[in-house]
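Peer 1: What follows is a single structure, and I will ask about it in a moment.
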Amino acid sequence: MADELIARFRRWFEYERDAHAKVFASLDTVPADRRSGPEYRKAVALLGHVVAAREVWLWRLGVLATPPGPLFLDDDPDLPRTAAAWEKLQAAWAAYLAGLTDADLARVFEYQSFDAGRFRNRVEDILATLFGHSSYHRGQIAVLVRAAGGTPAVTDLVYWCREPVGR
């Protein structure tokens with residue numbers, strides 16, 4: 001099948017879109033009087049980091065013209081600002097992925113890292129890394145949401161894609 005691999009990445013992107021929406025909703029379950037606490041603030045900061053990392057890679061891939069900001073915003077985590085940035089990036093990622101083919105995934109590109117090193121990777125490797133990166137941090141956020149008194153989101157891929165079987 002032509003472009004079978006990029007179709008898989010697009011499907012995973014849709015899963016991640018749903019998973020992150022659930023994470024944002026889980027932060028709303030934290031009691032208002034606990035939202036100034038360290039657990040909640042760290043959870044929002046981690047979500048901001050996920051957003052920032054996605055922005056960095058869109059820039060490195062040549063999709064965004066403006067260089068991104070810092071990868072970590074621990075000093076001033078702000079959920080509405082993070083949510084707005086996430087929504088903006090979702091559209092950019094959807095457009096980028098819509099234009100890719102399986103051949104594009106094999107493209108090797110060069111980029112500058114934050115430590116000033118020059119590296120090259122395949123587009124496919126970066127997309128796979130981003131999915132793992134998000135999953136890792138969603139787990140951390142779930143622990144922090146529970147510690148802050150909220151209800152963590154269930155974001156496992158298997159829950160998203162499972163289909164019930166009749167009895």
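Note on naming: chains are A, B, ... as they come in the structure tokens, residues start from 1 per chain, ligands start from 1 in the order shown.
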Just want the 9 Å neighbourhood of Thr101 in chain A, counted on only C-alpha atoms, with same-chain residues fewer than 6 positions away dropped. Output as a list of chain:residue names.
Peer 2: A:Ala2, A:Asp3, A:Glu4, A:Leu5, A:Ile6, A:Ala7
Peer 1: Residues within 6 Å of Ala153 in chain A, please, as a ChimeraX atom specification. Count only C-alpha atoms; anything in the same chain fewer than 6 positions from it doesn't count.
Peer 2: /A:22-23,26
Peer 1: Which residue, A:Arg34, A:Arg60, A:His20, A:Arg162, has the smallest gap to Gln90 in chain A when you use only C-alpha atoms?
Peer 2: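 Of A:Arg34, A:Arg60, A:His20, A:Arg162, the one nearest Gln90 in chain A is A:His20, counting only C-alpha atoms.
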Peer 1: DSSP on the backbone, helix (DSSP H, G or I) only: what residues of range 29-136 of chain A does that give? Format it as a PyMOL selection string.
Peer 2: chain A and resi 32-34+38-60+79-98+102-105+123-136
Peer 1: For each of A:Val154, A:Val51, A:Leu58, A:Val165, take the minimum atom-to-atom distance to Ala94 in chain A, counting only C-alpha atoms, then give the residue where this is smallest.
Peer 2: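 For Ala94 in chain A, the nearest of the candidates is A:Leu58.
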Peer 1: For range 111-122 of chain A, please output as a list in words all residues within 10 Å (counting only C-alpha atoms; exclusion window: fewer than 5 positions along the same chain).
Peer 2: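 Returned residues: Val56, Trp57, Trp59, Arg60, Leu61, Gly62, Pro70, Leu71, Asp104, Leu105, Ala106 and Leu127 of chain A.
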Peer 1: Figure out the distance between CA of Pro77 in chain A and CA of Ala45 in chain A, please, to one decimal in Å.
Peer 2: 5.0 Å
Peer 1: Go through A:Phe13, A:Tyr96, A:Leu47, A:Glu55 one by one, measure the shortest atom-to-atom distance of each to Thr82 in chain A using only C-alpha atoms, and give the residue with the smallest value.
Peer 2: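 Residue with the minimum atom-to-atom distance to Thr82 in chain A: A:Leu47.
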Peer 1: Determine the nearest neighbour of Trp93 in chain A from the options A:Glu163, A:Asp78, A:Leu130, A:Val30, counting only C-alpha atoms.
Peer 2: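 Ranked by minimum distance to Trp93 in chain A, first place goes to A:Leu130.
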